[in-house]
file upload-v1.cif (mmCIF, C-alpha atoms)
data_model
loop_
_atom_site.group_PDB
_atom_site.id
_atom_site.type_symbol
_atom_site.label_atom_id
_atom_site.label_comp_id
_atom_site.auth_asym_id
_atom_site.auth_seq_id
_atom_site.Cartn_x
_atom_site.Cartn_y
_atom_site.Cartn_z
ATOM 1 C CA MET A 1 -12.853 29.127 4.705
ATOM 2 C CA LYS A 2 -12.767 26.255 7.163
ATOM 3 C CA ARG A 3 -9.662 25.392 9.096
ATOM 4 C CA LEU A 4 -8.128 22.039 8.240
ATOM 5 C CA GLU A 5 -9.100 20.555 11.595
ATOM 6 C CA ASP A 6 -12.748 21.544 10.968
ATOM 7 C CA LEU A 7 -13.018 19.696 7.653
ATOM 8 C CA THR A 8 -15.009 16.463 7.493
ATOM 9 C CA VAL A 9 -13.858 13.724 5.132
ATOM 10 C CA TRP A 10 -15.877 10.641 4.342
ATOM 11 C CA VAL A 11 -13.526 7.785 3.563
ATOM 12 C CA SER A 12 -14.785 4.606 1.933
ATOM 13 C CA PHE A 13 -12.606 1.497 1.873
ATOM 14 C CA PRO A 14 -12.815 -2.148 2.940
ATOM 15 C CA GLY A 15 -11.579 -2.709 6.463
ATOM 16 C CA TYR A 16 -9.211 -5.517 5.521
ATOM 17 C CA PRO A 17 -6.238 -5.679 7.889
ATOM 18 C CA ALA A 18 -3.868 -5.222 4.927
ATOM 19 C CA ALA A 19 -5.837 -2.471 3.167
ATOM 20 C CA ILE A 20 -3.890 0.703 2.474
ATOM 21 C CA GLY A 21 -7.004 2.600 3.537
ATOM 22 C CA ILE A 22 -6.267 1.809 7.178
ATOM 23 C CA HIS A 23 -3.041 3.821 6.991
ATOM 24 C CA ILE A 24 -4.627 6.685 5.032
ATOM 25 C CA GLU A 25 -7.538 6.886 7.478
ATOM 26 C CA ARG A 26 -5.132 7.028 10.420
ATOM 27 C CA ALA A 27 -3.140 9.835 8.796
ATOM 28 C CA LEU A 28 -6.272 11.845 7.949
ATOM 29 C CA ARG A 29 -7.547 11.603 11.542
ATOM 30 C CA THR A 30 -4.493 13.540 12.719
ATOM 31 C CA VAL A 31 -5.515 16.610 10.695
ATOM 32 C CA CYS A 32 -9.311 16.537 10.204
ATOM 33 C CA ARG A 33 -12.570 14.786 11.091
ATOM 34 C CA VAL A 34 -13.068 11.411 9.406
ATOM 35 C CA VAL A 35 -16.151 9.233 8.953
ATOM 36 C CA THR A 36 -15.675 5.779 7.430
ATOM 37 C CA VAL A 37 -18.392 4.686 5.009
ATOM 38 C CA GLY A 38 -18.983 1.138 3.810
ATOM 39 C CA SER A 39 -20.228 -2.361 4.481
ATOM 40 C CA ASN A 40 -19.183 -4.721 7.240
ATOM 41 C CA GLU A 41 -20.532 -7.752 5.364
ATOM 42 C CA GLN A 42 -17.378 -8.572 3.416
ATOM 43 C CA GLN A 43 -16.689 -12.165 4.340
ATOM 44 C CA GLU A 44 -16.931 -13.501 0.779
ATOM 45 C CA PRO A 45 -14.111 -11.309 -0.615
ATOM 46 C CA VAL A 46 -11.972 -12.167 2.385
ATOM 47 C CA GLU A 47 -12.320 -15.853 1.571
ATOM 48 C CA SER A 48 -11.843 -15.410 -2.173
ATOM 49 C CA LEU A 49 -8.679 -13.361 -1.650
ATOM 50 C CA SER A 50 -7.227 -15.895 0.816
ATOM 51 C CA LEU A 51 -6.928 -13.300 3.567
ATOM 52 C CA ARG A 52 -7.839 -15.588 6.451
ATOM 53 C CA GLU A 53 -4.186 -15.908 7.518
ATOM 54 C CA MET A 54 -4.157 -12.215 8.417
ATOM 55 C CA LYS A 55 -5.425 -13.154 11.876
ATOM 56 C CA ARG A 56 -7.321 -9.892 12.333
ATOM 57 C CA PRO A 57 -11.020 -9.074 11.948
ATOM 58 C CA ILE A 58 -12.495 -6.732 9.345
ATOM 59 C CA LEU A 59 -12.750 -3.239 10.829
ATOM 60 C CA PRO A 60 -16.342 -1.928 11.066
ATOM 61 C CA SER A 61 -17.412 1.240 9.223
ATOM 62 C CA GLU A 62 -18.950 4.101 11.179
ATOM 63 C CA ALA A 63 -21.661 4.638 8.538
ATOM 64 C CA ARG A 64 -22.725 1.178 7.428
ATOM 65 C CA THR A 65 -24.203 0.724 3.979
ATOM 66 C CA SER A 66 -24.860 -2.156 1.610
ATOM 67 C CA PHE A 67 -21.927 -4.106 0.227
ATOM 68 C CA PHE A 68 -21.521 -1.469 -2.497
ATOM 69 C CA PRO A 69 -20.940 1.797 -0.546
ATOM 70 C CA ASP A 70 -24.206 3.668 -1.129
ATOM 71 C CA ILE A 71 -24.059 7.411 -0.469
ATOM 72 C CA GLU A 72 -27.841 7.829 -0.056
ATOM 73 C CA GLN A 73 -27.772 5.127 2.615
ATOM 74 C CA ALA A 74 -24.765 6.666 4.344
ATOM 75 C CA ALA A 75 -25.962 10.282 4.484
ATOM 76 C CA PRO A 76 -28.673 9.890 7.193
ATOM 77 C CA LYS A 77 -26.327 7.830 9.347
ATOM 78 C CA CYS A 78 -23.563 10.441 9.175
ATOM 79 C CA GLY A 79 -25.839 13.258 10.293
ATOM 80 C CA ALA A 80 -27.432 15.873 8.027
ATOM 81 C CA LYS A 81 -25.908 18.701 10.069
ATOM 82 C CA GLU A 82 -22.385 17.616 9.160
ATOM 83 C CA PRO A 83 -22.136 17.085 5.396
ATOM 84 C CA PRO A 84 -18.702 16.084 4.136
ATOM 85 C CA ASP A 85 -16.205 18.532 2.701
ATOM 86 C CA LEU A 86 -14.631 15.701 0.719
ATOM 87 C CA PHE A 87 -15.543 12.145 -0.228
ATOM 88 C CA LEU A 88 -12.527 9.875 -0.707
ATOM 89 C CA TRP A 89 -12.991 6.403 -2.152
ATOM 90 C CA LEU A 90 -10.070 4.002 -1.876
ATOM 91 C CA GLU A 91 -10.151 1.163 -4.364
ATOM 92 C CA PRO A 92 -10.788 -2.201 -2.690
ATOM 93 C CA PRO A 93 -8.956 -5.306 -3.908
ATOM 94 C CA HIS A 94 -12.138 -6.793 -5.375
ATOM 95 C CA GLY A 95 -12.874 -3.786 -7.620
ATOM 96 C CA PHE A 96 -16.367 -2.877 -6.394
ATOM 97 C CA SER A 97 -17.529 0.700 -6.952
ATOM 98 C CA PRO A 98 -19.557 3.155 -4.840
ATOM 99 C CA ALA A 99 -23.187 3.966 -5.681
ATOM 100 C CA ASP A 100 -25.202 7.225 -5.788
ATOM 101 C CA LEU A 101 -22.204 9.546 -5.871
ATOM 102 C CA ASP A 102 -24.434 12.270 -7.355
ATOM 103 C CA ALA A 103 -26.029 12.609 -3.906
ATOM 104 C CA LEU A 104 -22.850 14.348 -2.766
ATOM 105 C CA SER A 105 -22.415 18.105 -3.122
ATOM 106 C CA CYS A 106 -18.758 18.053 -2.085
ATOM 107 C CA PRO A 107 -15.711 17.194 -4.232
ATOM 108 C CA ARG A 108 -15.316 13.478 -4.897
ATOM 109 C CA ALA A 109 -11.870 11.901 -5.111
ATOM 110 C CA CYS A 110 -10.677 8.364 -5.653
ATOM 111 C CA TYR A 111 -7.375 6.564 -5.203
ATOM 112 C CA PHE A 112 -6.756 3.670 -7.584
ATOM 113 C CA ILE A 113 -4.073 1.351 -6.217
ATOM 114 C CA ASP A 114 -4.208 -1.533 -8.665
ATOM 115 C CA SER A 115 -4.371 0.053 -12.122
ATOM 116 C CA HIS A 116 -1.962 -2.417 -13.711
ATOM 117 C CA ASN A 117 -4.565 -5.153 -13.073
ATOM 118 C CA ASN A 118 -7.874 -3.257 -13.321
ATOM 119 C CA LEU A 119 -7.154 -0.545 -15.899
ATOM 120 C CA GLN A 120 -10.309 -0.717 -18.028
ATOM 121 C CA PHE A 121 -12.610 -0.854 -14.997
ATOM 122 C CA GLN A 122 -10.847 2.134 -13.444
ATOM 123 C CA LEU A 123 -10.812 4.226 -16.620
ATOM 124 C CA LYS A 124 -14.588 3.877 -16.806
ATOM 125 C CA LEU A 125 -15.114 4.625 -13.112
ATOM 126 C CA ALA A 126 -12.777 7.654 -13.093
ATOM 127 C CA ALA A 127 -15.405 9.804 -14.835
ATOM 128 C CA GLU A 128 -17.571 9.693 -11.698
ATOM 129 C CA PHE A 129 -14.971 11.563 -9.627
ATOM 130 C CA ASP A 130 -13.711 15.140 -9.593
ATOM 131 C CA TYR A 131 -10.147 14.142 -8.763
ATOM 132 C CA VAL A 132 -8.334 10.911 -9.543
ATOM 133 C CA PHE A 133 -5.165 9.669 -7.861
ATOM 134 C CA ILE A 134 -3.322 6.576 -9.037
ATOM 135 C CA ALA A 135 -0.454 4.582 -7.533
ATOM 136 C CA GLN A 136 0.911 3.120 -10.781
ATOM 137 C CA ARG A 137 2.815 5.839 -12.612
ATOM 138 C CA ALA A 138 3.004 3.788 -15.812
ATOM 139 C CA CYS A 139 -0.774 4.170 -16.215
ATOM 140 C CA LEU A 140 -0.827 7.966 -15.788
ATOM 141 C CA GLY A 141 -1.068 8.715 -19.511
ATOM 142 C CA TRP A 142 -4.179 6.549 -19.928
ATOM 143 C CA PHE A 143 -6.001 8.441 -17.176
ATOM 144 C CA LYS A 144 -4.813 11.907 -18.221
ATOM 145 C CA ALA A 145 -6.240 11.288 -21.685
ATOM 146 C CA ILE A 146 -9.782 11.000 -20.283
ATOM 147 C CA HIS A 147 -9.534 12.912 -16.976
ATOM 148 C CA PRO A 148 -7.228 15.973 -16.763
ATOM 149 C CA ARG A 149 -7.414 16.079 -12.947
ATOM 150 C CA THR A 150 -5.487 12.827 -12.524
ATOM 151 C CA PHE A 151 -2.348 12.752 -10.376
ATOM 152 C CA TRP A 152 0.317 10.175 -9.586
ATOM 153 C CA LEU A 153 0.288 9.480 -5.843
ATOM 154 C CA PRO A 154 2.834 6.771 -5.032
ATOM 155 C CA PHE A 155 2.548 4.620 -1.945
ATOM 156 C CA ALA A 156 4.253 5.591 1.298
ATOM 157 C CA CYS A 157 5.042 4.265 4.761
ATOM 158 C CA ASP A 158 3.086 4.704 7.965
ATOM 159 C CA PRO A 159 5.611 6.178 10.454
ATOM 160 C CA GLY A 160 3.431 5.104 13.371
ATOM 161 C CA LEU A 161 3.790 1.475 12.313
ATOM 162 C CA HIS A 162 6.715 1.035 9.924
ATOM 163 C CA ARG A 163 9.792 1.810 11.999
ATOM 164 C CA ASN A 164 12.821 0.268 13.633
ATOM 165 C CA ASN A 165 11.198 -1.915 16.305
ATOM 166 C CA THR A 166 14.329 -3.595 17.615
ATOM 167 C CA LEU A 167 18.057 -3.109 18.086
ATOM 168 C CA ARG A 168 18.722 -6.767 17.269
ATOM 169 C CA LYS A 169 18.614 -8.439 13.885
ATOM 170 C CA PHE A 170 17.468 -12.062 14.012
ATOM 171 C CA HIS A 171 17.133 -12.830 10.297
ATOM 172 C CA ASP A 172 19.713 -12.508 7.545
ATOM 173 C CA ILE A 173 17.024 -12.134 4.877
ATOM 174 C CA ALA A 174 13.243 -11.924 5.229
ATOM 175 C CA PHE A 175 10.186 -11.591 3.040
ATOM 176 C CA THR A 176 6.643 -10.819 4.208
ATOM 177 C CA GLY A 177 4.103 -11.538 1.520
ATOM 178 C CA GLU A 178 2.526 -14.121 -0.731
ATOM 179 C CA VAL A 179 4.654 -16.543 -2.747
ATOM 180 C CA LEU A 180 2.762 -18.237 -5.563
ATOM 181 C CA PRO A 181 4.001 -21.650 -6.736
ATOM 182 C CA GLY A 182 5.859 -21.440 -10.038
ATOM 183 C CA SER A 183 6.217 -17.645 -9.889
ATOM 184 C CA ARG A 184 9.369 -15.641 -10.546
ATOM 185 C CA ARG A 185 9.222 -14.571 -6.902
ATOM 186 C CA GLN A 186 9.380 -18.194 -5.783
ATOM 187 C CA ALA A 187 12.363 -18.842 -8.079
ATOM 188 C CA LEU A 188 14.240 -15.835 -6.687
ATOM 189 C CA LEU A 189 13.546 -16.842 -3.094
ATOM 190 C CA THR A 190 14.581 -20.437 -3.820
ATOM 191 C CA ASN A 191 17.867 -19.113 -5.192
ATOM 192 C CA LEU A 192 18.440 -17.067 -2.039
ATOM 193 C CA GLN A 193 17.489 -20.001 0.197
ATOM 194 C CA SER A 194 20.165 -22.148 -1.446
ATOM 195 C CA HIS A 195 22.783 -19.711 -0.103
ATOM 196 C CA PHE A 196 21.356 -18.070 3.043
ATOM 197 C CA PRO A 197 18.714 -18.517 5.750
ATOM 198 C CA VAL A 198 15.554 -16.778 4.509
ATOM 199 C CA HIS A 199 12.643 -16.074 6.847
ATOM 200 C CA LEU A 200 9.228 -16.185 5.110
ATOM 201 C CA ASP A 201 6.086 -14.909 6.852
ATOM 202 C CA ASN A 202 2.885 -13.729 5.140
ATOM 203 C CA CYS A 203 1.927 -11.319 7.915
ATOM 204 C CA VAL A 204 0.541 -7.779 8.129
ATOM 205 C CA LEU A 205 0.541 -4.625 10.276
ATOM 206 C CA ASN A 206 2.459 -4.956 13.573
ATOM 207 C CA ASP A 207 3.587 -8.512 12.888
ATOM 208 C CA MET A 208 4.972 -7.485 9.510
ATOM 209 C CA ALA A 209 6.672 -4.372 10.907
ATOM 210 C CA ARG A 210 8.373 -6.491 13.563
ATOM 211 C CA VAL A 211 9.710 -9.059 11.066
ATOM 212 C CA LEU A 212 11.014 -6.340 8.754
ATOM 213 C CA SER A 213 12.885 -4.533 11.499
ATOM 214 C CA GLU A 214 14.366 -7.805 12.814
ATOM 215 C CA SER A 215 16.014 -8.534 9.448
ATOM 216 C CA ARG A 216 19.372 -7.468 8.069
ATOM 217 C CA ILE A 217 18.016 -7.567 4.537
ATOM 218 C CA VAL A 218 14.407 -7.398 3.314
ATOM 219 C CA PHE A 219 13.698 -8.961 -0.083
ATOM 220 C CA ASN A 220 11.298 -7.336 -2.528
ATOM 221 C CA ASN A 221 10.098 -8.464 -5.934
ATOM 222 C CA ALA A 222 8.320 -6.043 -8.264
ATOM 223 C CA ALA A 223 5.370 -8.085 -9.478
ATOM 224 C CA ASP A 224 3.905 -6.644 -12.698
ATOM 225 C CA GLN A 225 6.442 -3.771 -12.577
ATOM 226 C CA ASP A 226 4.621 -2.373 -9.540
ATOM 227 C CA LEU A 227 6.252 -0.068 -6.994
ATOM 228 C CA SER A 228 4.271 -1.699 -4.203
ATOM 229 C CA THR A 229 3.753 -0.870 -0.543
ATOM 230 C CA ASN A 230 6.342 -3.549 0.306
ATOM 231 C CA PHE A 231 9.074 -1.297 -1.069
ATOM 232 C CA PHE A 232 8.157 1.579 1.247
ATOM 233 C CA ASP A 233 7.457 -0.602 4.289
ATOM 234 C CA ALA A 234 10.875 -2.246 4.032
ATOM 235 C CA LEU A 235 12.723 1.056 3.692
ATOM 236 C CA ALA A 236 10.983 2.414 6.784
ATOM 237 C CA SER A 237 12.055 -0.563 8.892
ATOM 238 C CA ALA A 238 15.729 0.507 9.050
ATOM 239 C CA SER A 239 16.745 -2.719 7.321
ATOM 240 C CA LEU A 240 18.444 -2.896 3.935
ATOM 241 C CA LEU A 241 15.952 -3.256 1.095
ATOM 242 C CA LEU A 242 17.030 -5.704 -1.634
ATOM 243 C CA SER A 243 14.831 -5.057 -4.661
ATOM 244 C CA ASP A 244 14.692 -5.367 -8.413
ATOM 245 C CA MET A 245 13.678 -2.457 -10.665
ATOM 246 C CA ALA A 246 10.023 -1.819 -11.448
ATOM 247 C CA LYS A 247 10.393 -0.182 -14.854
ATOM 248 C CA GLY A 248 8.203 2.839 -15.485
ATOM 249 C CA SER A 249 6.967 2.879 -11.885
ATOM 250 C CA GLY A 250 8.806 6.008 -10.752
ATOM 251 C CA GLN A 251 11.138 3.951 -8.563
ATOM 252 C CA ASP A 252 14.198 5.504 -10.197
ATOM 253 C CA GLU A 253 12.698 8.990 -9.719
ATOM 254 C CA LEU A 254 12.065 8.597 -5.993
ATOM 255 C CA PHE A 255 15.037 6.465 -4.903
ATOM 256 C CA VAL A 256 18.675 5.927 -5.876
ATOM 257 C CA GLU A 257 19.933 2.350 -6.076
ATOM 258 C CA GLY A 258 23.142 1.785 -4.143
ATOM 259 C CA GLU A 259 22.340 4.782 -1.921
ATOM 260 C CA ASP A 260 18.785 4.202 -0.667
ATOM 261 C CA TYR A 261 18.457 0.474 -1.379
ATOM 262 C CA ALA A 262 20.301 -2.441 -3.015
ATOM 263 C CA LEU A 263 19.362 -3.333 -6.591
ATOM 264 C CA TYR A 264 19.561 -6.908 -7.857
ATOM 265 C CA HIS A 265 19.016 -8.680 -11.175
ATOM 266 C CA ASP A 266 17.828 -12.263 -11.468
ATOM 267 C CA LEU A 267 21.319 -13.611 -12.169
ATOM 268 C CA ASN A 268 23.223 -11.722 -9.447
ATOM 269 C CA ILE A 269 20.779 -11.687 -6.532
ATOM 270 C CA ALA A 270 22.834 -14.090 -4.387
ATOM 271 C CA ASP A 271 26.066 -12.134 -5.019
ATOM 272 C CA VAL A 272 24.419 -8.832 -4.071
ATOM 273 C CA ALA A 273 22.926 -10.304 -0.897
ATOM 274 C CA ARG A 274 26.259 -11.859 0.060
ATOM 275 C CA PHE A 275 28.106 -8.564 -0.348
ATOM 276 C CA TYR A 276 25.773 -6.682 1.966
ATOM 277 C CA LEU A 277 25.605 -9.443 4.561
ATOM 278 C CA ARG A 278 29.408 -9.363 4.750
ATOM 279 C CA ASN A 279 29.650 -5.558 4.865
ATOM 280 C CA ALA A 280 27.549 -4.446 7.799
ATOM 281 C CA ARG A 281 28.758 -0.843 7.817
ATOM 282 C CA ILE A 282 27.803 -0.264 4.174
ATOM 283 C CA ARG A 283 24.520 -2.115 4.649
ATOM 284 C CA GLU A 284 23.525 -0.073 7.675
ATOM 285 C CA ARG A 285 24.506 3.226 6.041
ATOM 286 C CA ILE A 286 22.296 2.548 3.039
ATOM 287 C CA ALA A 287 19.461 1.314 5.259
ATOM 288 C CA ALA A 288 19.623 4.523 7.326
ATOM 289 C CA ARG A 289 19.540 6.750 4.244
ATOM 290 C CA GLY A 290 16.669 4.740 2.747
ATOM 291 C CA ARG A 291 14.666 5.152 5.942
ATOM 292 C CA LYS A 292 15.319 8.899 5.997
ATOM 293 C CA ILE A 293 14.246 9.288 2.360
ATOM 294 C CA VAL A 294 11.023 7.276 2.695
#
call {"tool": "encode", "arguments": {"input": "upload-v1.cif", "output": "structure tokens"}}
result
Amino acid sequence: MKRLEDLTVWVSFPGYPAAIGIHIERALRTVCRVVTVGSNEQQEPVESLSLREMKRPILPSEARTSFFPDIEQAAPKCGAKEPPDLFLWLEPPHGFSPADLDALSCPRACYFIDSHNNLQFQLKLAAEFDYVFIAQRACLGWFKAIHPRTFWLPFACDPGLHRNNTLRKFHDIAFTGEVLPGSRRQALLTNLQSHFPVHLDNCVLNDMARVLSESRIVFNNAADQDLSTNFFDALASASLLLSDMAKGSGQDELFVEGEDYALYHDLNIADVARFYLRNARIRERIAARGRKIV
């Protein structure tokens, strides 16, 4: 049996600056050999997803293929003497699927990160993999019914990036992410802005980590009842996370409100924020425990 450090994993994901695959790839490289597989010609999805403000280029794949990751194209470029021990496909935001998976003799695994929006597409694609991981716990039953080797794998933080980057707090409340006009998120932020200074910045990676750690409170809104990466990133920043409850997401299984983070409801969000801004010792104690847990 091979040692862990001798295993070779092919990882296929779009190199968007905000893609969760970047963090998973970095973690895998600390324990095994990794080859990234995919296309570098992804300008159209970047434009359609309004990702231009991310200020960072798409990361190139080591084994370049067509836009749809094609295993038969990738194999010669990865070297026939080093076949993979695992193929891991990480769902891209645009929902494209890999091709020619039958060319692989190793186990094939996928990680679906957007099941609440792409459920039917993912249920059909799951049959092509030996192991299925999903981020949305609420969808687990649907996948288990058609694929017994399906597992809930919630998001996490990247300790090399998401950390306390400063000893000073410059912002009372901050949010890093997209705010759509007319959305519940916009209404909640407008409410907070009528009472407190709120710093808004749709940034990623190091810029996002810096803003989070410079804030006394980090706002989170569970869109579509999703326990998103924002929840974990904020906890890791050593700032107090102010979040609503994503029902059925596993949030209440992983974290305890009032101990790991601050829970708000639409009608009391300003009162909850005010309490924690006025009580620094309580705020910092909860923030420290939340960071330790995540």
call {"tool": "resolve_selection", "arguments": {"input": "upload-v1.cif", "expression": "the PyMOL selection byres ((chain A and resi 233) around 8)", "output": "JSON, numbers by chain"}}
result
{"A": [156, 157, 158, 162, 209, 229, 230, 231, 232, 234, 235, 236, 237]}
call {"tool": "atom_distance", "arguments": {"input": "upload-v1.cif", "atom1": "CA of Leu241 in chain A", "atom2": "CA of Val272 in chain A"}}
result
11.4 Å
call {"tool": "closest_residue", "arguments": {"input": "upload-v1.cif", "among": "A:Gln136, A:Val9, A:Phe143, A:Leu28", "to": "Leu88 in chain A", "atoms": "all atoms listed in the file"}}
result
A:Val9
call {"tool": "residues_near_point", "arguments": {"input": "upload-v1.cif", "point": "(9.5, -12.7, 9.6)", "cutoff": "10 Å", "atoms": "all atoms listed in the file", "output": "number ranges by chain"}}
result
A: 170-171, 173-177, 198-203, 207-215, 218
call {"tool": "resolve_selection", "arguments": {"input": "upload-v1.cif", "expression": "the PyMOL selection byres ((chain A and resi 113) around 9)", "output": "short mmCIF file (atom, residue, chain, number, x, y, z; two decimals) with C-alpha atoms, in the frame of the given file"}}
result
data_model
loop_
_atom_site.label_atom_id
_atom_site.label_comp_id
_atom_site.auth_asym_id
_atom_site.auth_seq_id
_atom_site.Cartn_x
_atom_site.Cartn_y
_atom_site.Cartn_z
CA ILE A 20 -3.89 0.70 2.47
CA LEU A 90 -10.07 4.00 -1.88
CA GLU A 91 -10.15 1.16 -4.36
CA PRO A 92 -10.79 -2.20 -2.69
CA PRO A 93 -8.96 -5.31 -3.91
CA TYR A 111 -7.38 6.56 -5.20
CA PHE A 112 -6.76 3.67 -7.58
CA ASP A 114 -4.21 -1.53 -8.66
CA SER A 115 -4.37 0.05 -12.12
CA HIS A 116 -1.96 -2.42 -13.71
CA PHE A 133 -5.16 9.67 -7.86
CA ILE A 134 -3.32 6.58 -9.04
CA ALA A 135 -0.45 4.58 -7.53
CA GLN A 136 0.91 3.12 -10.78
CA PRO A 154 2.83 6.77 -5.03
CA PHE A 155 2.55 4.62 -1.94
#
call {"tool": "resolve_selection", "arguments": {"input": "upload-v1.cif", "expression": "the PyMOL selection byres ((chain A and resi 263) around 9)", "output": "ChimeraX atom specification"}}
result
/A:241-245,257-258,261-262,264-265,269,272
call {"tool": "atom_distance", "arguments": {"input": "upload-v1.cif", "atom1": "CA of Leu7 in chain A", "atom2": "CA of Asp102 in chain A"}}
result
20.3 Å
call {"tool": "atom_distance", "arguments": {"input": "upload-v1.cif", "atom1": "CA of Leu125 in chain A", "atom2": "CA of Arg26 in chain A"}}
result
25.7 Å
call {"tool": "closest_residue", "arguments": {"input": "upload-v1.cif", "among": "A:Gln225, A:Ser12, A:Ser239, A:Gln251", "to": "Ala287 in chain A", "atoms": "all atoms listed in the file"}}
result
A:Ser239
